[in-house]
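The next block holds one structure in the form of structure tokens; read it before the comments.
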Amino acid sequence: MSWKRAWMLWLVCVLMVPVRMWAEQSAAVAKAAPHPAVNPYVPKLVDITAKTGIHFVHNSSTTAKYIVESMSGGVALIDYNHSGYPSIYFTNAPTVSQYLQGVPAYSALYRNNGNGTFTDVTKQAGVGDPCWAMGASVGDYNNDGWPDLLVSCFGGVVLYRNNGNGTFTNVTKQAGLSGDHGWATGAVFGDYLGNGWDDIFVPHYVDLNLHDLPKLGSQPTCMYRGIPVQCGPRGLPGSPDNLYKNNGNGTFTDVSKEAGVSDPNHYFGLGATFEDFYGDGKVDLIVGDDGEPNYLYKNDGKGHFTDIGYLSGLALNGDGYEQANMGIALGDYLHTGRLSVAISHFSGEYTTLWRNDGNFNFTDVSDRAGLKAATQSYVGWGDAFVDLNNNGWPDFFQVDGHVYPQVDSKDVGTKYREPKLLFLNRENGTFLNASKLAGPAIEEPQVSRGMAVGDLFNDGHLELVVENLVGGPMILRVEPNPKNHWISLQLAGAKDKGNLLALNARVQVIAGGLSELQEVRSGGSYLSQSEFRLHFGLGTHTTVDKVIITWDTGEKQVVTNLKADRYYCILQGVGVVPGSRMPGCYSGPPRPVPAILRGM
């Protein structure tokens with residue numbers, strides 16, 4: 001064979017590789033959207049906050065002269081007392097002036113009473129004054145089956161051990177985490193080594209000195225459309241990130257550098273989440289950086305990560321620009337069996353939806369999906385893929401609120417208080433903007449930050465818990481189409497195999513031609529934690545044919561023939577068990593709608 005012919009054959013083979021990959025990805029996307037767009041039923045979102053007995057108010061500054069006064073407000077759902085009902089933890093933070101005067105701002109834990117109301121148990125639980133609190137996430141660091149609470153702070157993290165009796169103990173120092181002094185943000189749990197012990201990743205934001213703060217409008221980067229505003233993050237130094245390996249004895253070791261996730265660029269880290277994108281049993285790691293490229297760390301399963309953010313397409317948006325990167329949401333909105341990524345951003349940008357094309361390839365489809373134009377005017381924070389009408393196709397919900405109160409002083413096309421946004425899945429890769437159709441509650445302008453999703457009352461209705469930076473929270477109750485069915489699954493790992501909270505277990509539900517994928521996850525959204533229990537809409541299906549679980553250990557388990565409109569407890573290696581076999585797990589039919597919420 002001549003060298004010219006050999007060279008031509010080699011060139012054809014090389015060129016065919018990307019063509020073949022493109023064809024496979026296109027076929028997968030086409031298969032996921034086999035029919036024209038549908039107009040989904042629009043659920044109504046009702047504000048039930050006043051009926052719940054929750055009276056928490058986040059501390060706030062009327063002027064927000066400093067960036068640290070604009071970033072708090074995470075919320076976590078945690079069944080801390082194994083009641084079978086998720087309770088709510090709200091974080092709080094002082095103003096700079098209050099902090100320098102030694103005036104604390106108390107976070108709050110509200111116990112779910114199971115009857116539509118909550119009781120403030122902060123004092124007896126011992127979680128009221130952790131720090132200048134930013135956000136919170138849930139894990140089980142000592143693998144005793146009781147969910148522990150991790151609070152990120154302006155000044156490190158605080159780890160609360162759940163004592164199993166309604167109280168918590170601050171174990172930050174003895175756990176080896178007290179050396180973290182950075183401005184911690186979306187800290188999360190995840191077992192990156194696959195050894196059954198929950199590790200901790202802590203992204204850090206700005207390196208800020210409270211005794212040497214830049215003044216309002218003092219630099220070019222401290223101006224917004226001609227208005228003097230708070231400085232940052234641009235123009236301020238960033239901070240590195242940290243990964244803490246769980247030693248299995250109640251302590252952690254900082255392995256950031258050897259694991260390859262120390263962030264030597266000192267980007268402005270805001271959010272993070274562990275996720276097994278490749279489906280190989282090794283959890284990867286996304287880190288969202290404010291105004292800078294995102295990291296996507298691929299896990300080699302041997303204790304080391306490689307950043308493939310640029311190669312994957314997740315580092316920048318489709319136009320090649322860095323964005324603000326606030327809340328991170330993951331969801332299989334196309335039914336491809338792959339979790340795509342949505343991240344909320346600053347005004348003038350847009351919420352970016354990266355379609356997961358497989359093999360660590362992501363494509364910005366925000367425009368064609370219908371999110372780009374609809375989100376450009378808002379500053380987005382907490383977000384989630386959640387099936388609000390129970391039709392089996394995950395929708396997208398986002399809360400908003402500006403960072404500069406000063407924008408209200410001048411007509412600049414945006415306001416400090418902003419409405420929330422709801423996008424309903426049209427089952428063909430696009431979304432219907434239903435923000436003005438789902439009721440007046442989500443149109444009410446607020447300065448929102450964190451947001452978590454859960455079934456608070458075990459009655460088959462989902463609630464969206466929103467923490468606002470200014471004023472009290474908002475609890476939105478979803479009134480779904482009563483013709484649609486659903487199923488709720490709570491998982492528990494086996495004591496001798498993996499983590500008991502089943503973190504990063506992947507669940508595929510198959511009902512007829514409907515196939516859905518979700519994962520049990522710590523953190524996500526913005527500084528917030530949703531319920532670990534997984535809720536799947538089923539549309540008209542009354543039976544789930546098959547539930548395929550891939551546990552964090554890589555073990556697969558199949559459960560078949562489950563009736564819809566019920567709660568199930570699934571134990572690793574065993575299958576469906578009564579709630580008595582899994583402490584804190586509710587099983588059976590839905591509870592009656594709490595009397596206090598009837599007729600809403």
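Labels used: A, B, ... for chains in the order of the structure tokens, numbers from 1 for residues in each chain, and numbers from 1 for ligands as shown.
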
Inset, instruction - Would you list the contacts of Leu100 (chain A) as an NGL selection string, taking every protein, DNA or RNA residue within 10 Å and counting only C-alpha atoms, but skipping same-chain residues closer than 5 positions in sequence? - result: :A and (94-95 or 210-211)

Could you write those residues out with N, CA, C and O atoms, as a PDB file, in the first residue's frame?
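Everything below was put into selection_12.pdb:
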ATOM      1  N   PRO A  94     -25.526  37.951  60.117  1.00  0.00           N
ATOM      2  CA  PRO A  94     -25.643  39.345  60.555  1.00  0.00           C
ATOM      3  C   PRO A  94     -25.236  40.303  59.441  1.00  0.00           C
ATOM      4  O   PRO A  94     -24.741  39.884  58.391  1.00  0.00           O
ATOM      5  N   THR A  95     -25.450  41.579  59.677  1.00  0.00           N
ATOM      6  CA  THR A  95     -24.848  42.598  58.820  1.00  0.00           C
ATOM      7  C   THR A  95     -23.412  42.793  59.289  1.00  0.00           C
ATOM      8  O   THR A  95     -23.030  42.337  60.379  1.00  0.00           O
ATOM      9  N   LEU A 210     -13.084  41.808  56.914  1.00  0.00           N
ATOM     10  CA  LEU A 210     -14.135  42.683  57.419  1.00  0.00           C
ATOM     11  C   LEU A 210     -13.609  43.994  57.977  1.00  0.00           C
ATOM     12  O   LEU A 210     -14.375  44.947  58.166  1.00  0.00           O
ATOM     13  N   HIS A 211     -12.327  44.047  58.261  1.00  0.00           N
ATOM     14  CA  HIS A 211     -11.740  45.272  58.805  1.00  0.00           C
ATOM     15  C   HIS A 211     -11.093  46.132  57.720  1.00  0.00           C
ATOM     16  O   HIS A 211     -10.511  47.173  58.013  1.00  0.00           O
TER      17      HIS A 211
END

Inset, instruction - Mind the document's chain letters and residue numbers, and return as a ChimeraX atom specification the residues of region 57-298 of chain A that DSSP labels alpha helix (DSSP H). - result: /A:96-100,122-125,256-259

Please write the residues from the selection above to a file, keeping all heavy atoms, as an mmCIF file, in the first residue's frame.
data_model
loop_
_atom_site.group_PDB
_atom_site.id
_atom_site.type_symbol
_atom_site.label_atom_id
_atom_site.label_comp_id
_atom_site.auth_asym_id
_atom_site.auth_seq_id
_atom_site.Cartn_x
_atom_site.Cartn_y
_atom_site.Cartn_z
ATOM 1 N N VAL A 96 -22.613 43.474 58.507
ATOM 2 C CA VAL A 96 -21.230 43.742 58.914
ATOM 3 C C VAL A 96 -21.202 44.536 60.211
ATOM 4 O O VAL A 96 -20.428 44.242 61.133
ATOM 5 C CB VAL A 96 -20.480 44.496 57.795
ATOM 6 C CG1 VAL A 96 -19.134 45.012 58.303
ATOM 7 C CG2 VAL A 96 -20.278 43.592 56.585
ATOM 8 N N SER A 97 -22.059 45.540 60.305
ATOM 9 C CA SER A 97 -22.102 46.369 61.512
ATOM 10 C C SER A 97 -22.460 45.538 62.735
ATOM 11 O O SER A 97 -21.831 45.666 63.795
ATOM 12 C CB SER A 97 -23.116 47.503 61.325
ATOM 13 O OG SER A 97 -23.248 48.255 62.507
ATOM 14 N N GLN A 98 -23.442 44.679 62.622
ATOM 15 C CA GLN A 98 -23.844 43.828 63.743
ATOM 16 C C GLN A 98 -22.719 42.879 64.149
ATOM 17 O O GLN A 98 -22.453 42.681 65.334
ATOM 18 C CB GLN A 98 -25.087 43.034 63.365
ATOM 19 C CG GLN A 98 -26.356 43.857 63.270
ATOM 20 C CD GLN A 98 -27.514 43.078 62.697
ATOM 21 O OE1 GLN A 98 -27.317 42.100 61.973
ATOM 22 N NE2 GLN A 98 -28.734 43.503 62.992
ATOM 23 N N TYR A 99 -22.057 42.306 63.155
ATOM 24 C CA TYR A 99 -20.982 41.360 63.436
ATOM 25 C C TYR A 99 -19.844 42.038 64.207
ATOM 26 O O TYR A 99 -19.324 41.478 65.187
ATOM 27 C CB TYR A 99 -20.458 40.763 62.142
ATOM 28 C CG TYR A 99 -19.372 39.731 62.335
ATOM 29 C CD1 TYR A 99 -19.678 38.419 62.675
ATOM 30 C CD2 TYR A 99 -18.030 40.077 62.194
ATOM 31 C CE1 TYR A 99 -18.677 37.474 62.869
ATOM 32 C CE2 TYR A 99 -17.023 39.144 62.374
ATOM 33 C CZ TYR A 99 -17.354 37.845 62.718
ATOM 34 O OH TYR A 99 -16.359 36.913 62.915
ATOM 35 N N LEU A 100 -19.449 43.227 63.768
ATOM 36 C CA LEU A 100 -18.349 43.934 64.423
ATOM 37 C C LEU A 100 -18.720 44.362 65.837
ATOM 38 O O LEU A 100 -17.843 44.573 66.678
ATOM 39 C CB LEU A 100 -17.939 45.148 63.590
ATOM 40 C CG LEU A 100 -17.326 44.818 62.210
ATOM 41 C CD1 LEU A 100 -17.017 46.090 61.436
ATOM 42 C CD2 LEU A 100 -16.074 43.958 62.359
ATOM 43 N N THR A 122 -35.040 25.133 67.845
ATOM 44 C CA THR A 122 -33.642 25.520 67.658
ATOM 45 C C THR A 122 -32.836 25.419 68.948
ATOM 46 O O THR A 122 -31.727 24.857 68.965
ATOM 47 C CB THR A 122 -33.559 26.963 67.121
ATOM 48 O OG1 THR A 122 -34.433 27.097 66.007
ATOM 49 C CG2 THR A 122 -32.146 27.302 66.715
ATOM 50 N N LYS A 123 -33.392 25.974 70.014
ATOM 51 C CA LYS A 123 -32.649 26.029 71.272
ATOM 52 C C LYS A 123 -32.353 24.645 71.811
ATOM 53 O O LYS A 123 -31.204 24.331 72.167
ATOM 54 C CB LYS A 123 -33.418 26.851 72.303
ATOM 55 C CG LYS A 123 -32.643 27.105 73.573
ATOM 56 C CD LYS A 123 -33.400 28.042 74.514
ATOM 57 C CE LYS A 123 -32.602 28.319 75.778
ATOM 58 N NZ LYS A 123 -33.335 29.247 76.686
ATOM 59 N N GLN A 124 -33.373 23.790 71.886
ATOM 60 C CA GLN A 124 -33.141 22.457 72.432
ATOM 61 C C GLN A 124 -32.277 21.590 71.516
ATOM 62 O O GLN A 124 -31.554 20.700 71.983
ATOM 63 C CB GLN A 124 -34.455 21.752 72.760
ATOM 64 C CG GLN A 124 -35.512 21.750 71.676
ATOM 65 C CD GLN A 124 -36.515 22.868 71.811
ATOM 66 O OE1 GLN A 124 -36.126 24.032 71.904
ATOM 67 N NE2 GLN A 124 -37.801 22.527 71.812
ATOM 68 N N ALA A 125 -32.330 21.854 70.199
ATOM 69 C CA ALA A 125 -31.503 21.084 69.266
ATOM 70 C C ALA A 125 -30.055 21.550 69.278
ATOM 71 O O ALA A 125 -29.152 20.785 68.899
ATOM 72 C CB ALA A 125 -32.071 21.181 67.859
ATOM 73 N N SER A 256 -7.054 18.023 49.420
ATOM 74 C CA SER A 256 -7.400 18.863 48.269
ATOM 75 C C SER A 256 -6.368 18.801 47.158
ATOM 76 O O SER A 256 -6.708 18.609 45.978
ATOM 77 C CB SER A 256 -7.583 20.311 48.726
ATOM 78 O OG SER A 256 -8.381 20.388 49.878
ATOM 79 N N LYS A 257 -5.106 18.979 47.505
ATOM 80 C CA LYS A 257 -4.059 19.046 46.485
ATOM 81 C C LYS A 257 -3.795 17.694 45.849
ATOM 82 O O LYS A 257 -3.725 17.583 44.612
ATOM 83 C CB LYS A 257 -2.777 19.614 47.099
ATOM 84 C CG LYS A 257 -2.884 21.089 47.461
ATOM 85 C CD LYS A 257 -1.568 21.635 47.975
ATOM 86 C CE LYS A 257 -1.700 23.122 48.289
ATOM 87 N NZ LYS A 257 -0.436 23.701 48.814
ATOM 88 N N GLU A 258 -3.650 16.650 46.650
ATOM 89 C CA GLU A 258 -3.362 15.339 46.064
ATOM 90 C C GLU A 258 -4.539 14.800 45.262
ATOM 91 O O GLU A 258 -4.359 14.015 44.321
ATOM 92 C CB GLU A 258 -2.939 14.324 47.136
ATOM 93 C CG GLU A 258 -3.834 14.245 48.337
ATOM 94 C CD GLU A 258 -3.322 15.057 49.522
ATOM 95 O OE1 GLU A 258 -3.084 16.269 49.336
ATOM 96 O OE2 GLU A 258 -3.176 14.478 50.624
ATOM 97 N N ALA A 259 -5.760 15.241 45.602
ATOM 98 C CA ALA A 259 -6.937 14.815 44.845
ATOM 99 C C ALA A 259 -7.138 15.640 43.584
ATOM 100 O O ALA A 259 -7.941 15.268 42.720
ATOM 101 C CB ALA A 259 -8.182 14.894 45.713
#

Inset, instruction - Measure the distance from CA of Val593 (chain A) to CA of Lys563 (chain A) in Å and round it to one decimal. - result: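 If I compute the distance from CA of Val593 (chain A) to CA of Lys563 (chain A), I get 20.2 Å.
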
Inset, instruction - From a DSSP pass on the backbone, collect the residues of region 96-300 of chain A flagged as strand (DSSP E or B) and hand them back as a VMD selection string. - result: chain A and resid 108 to 112 118 to 120 133 to 139 148 to 154 156 to 162 168 to 170 183 to 184 188 to 190 199 to 202 204 206 223 to 224 227 to 228 238 242 to 246 252 to 254 269 to 275 284 to 289 295 to 299

Inset, instruction - Would you please work out which residue, of A:Val558, A:Leu150, A:Ala37, A:Val42, is nearest to Asn481 (chain A) when using only C-alpha atoms? - result: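 Smallest distance to Asn481 (chain A) is found for A:Val42.
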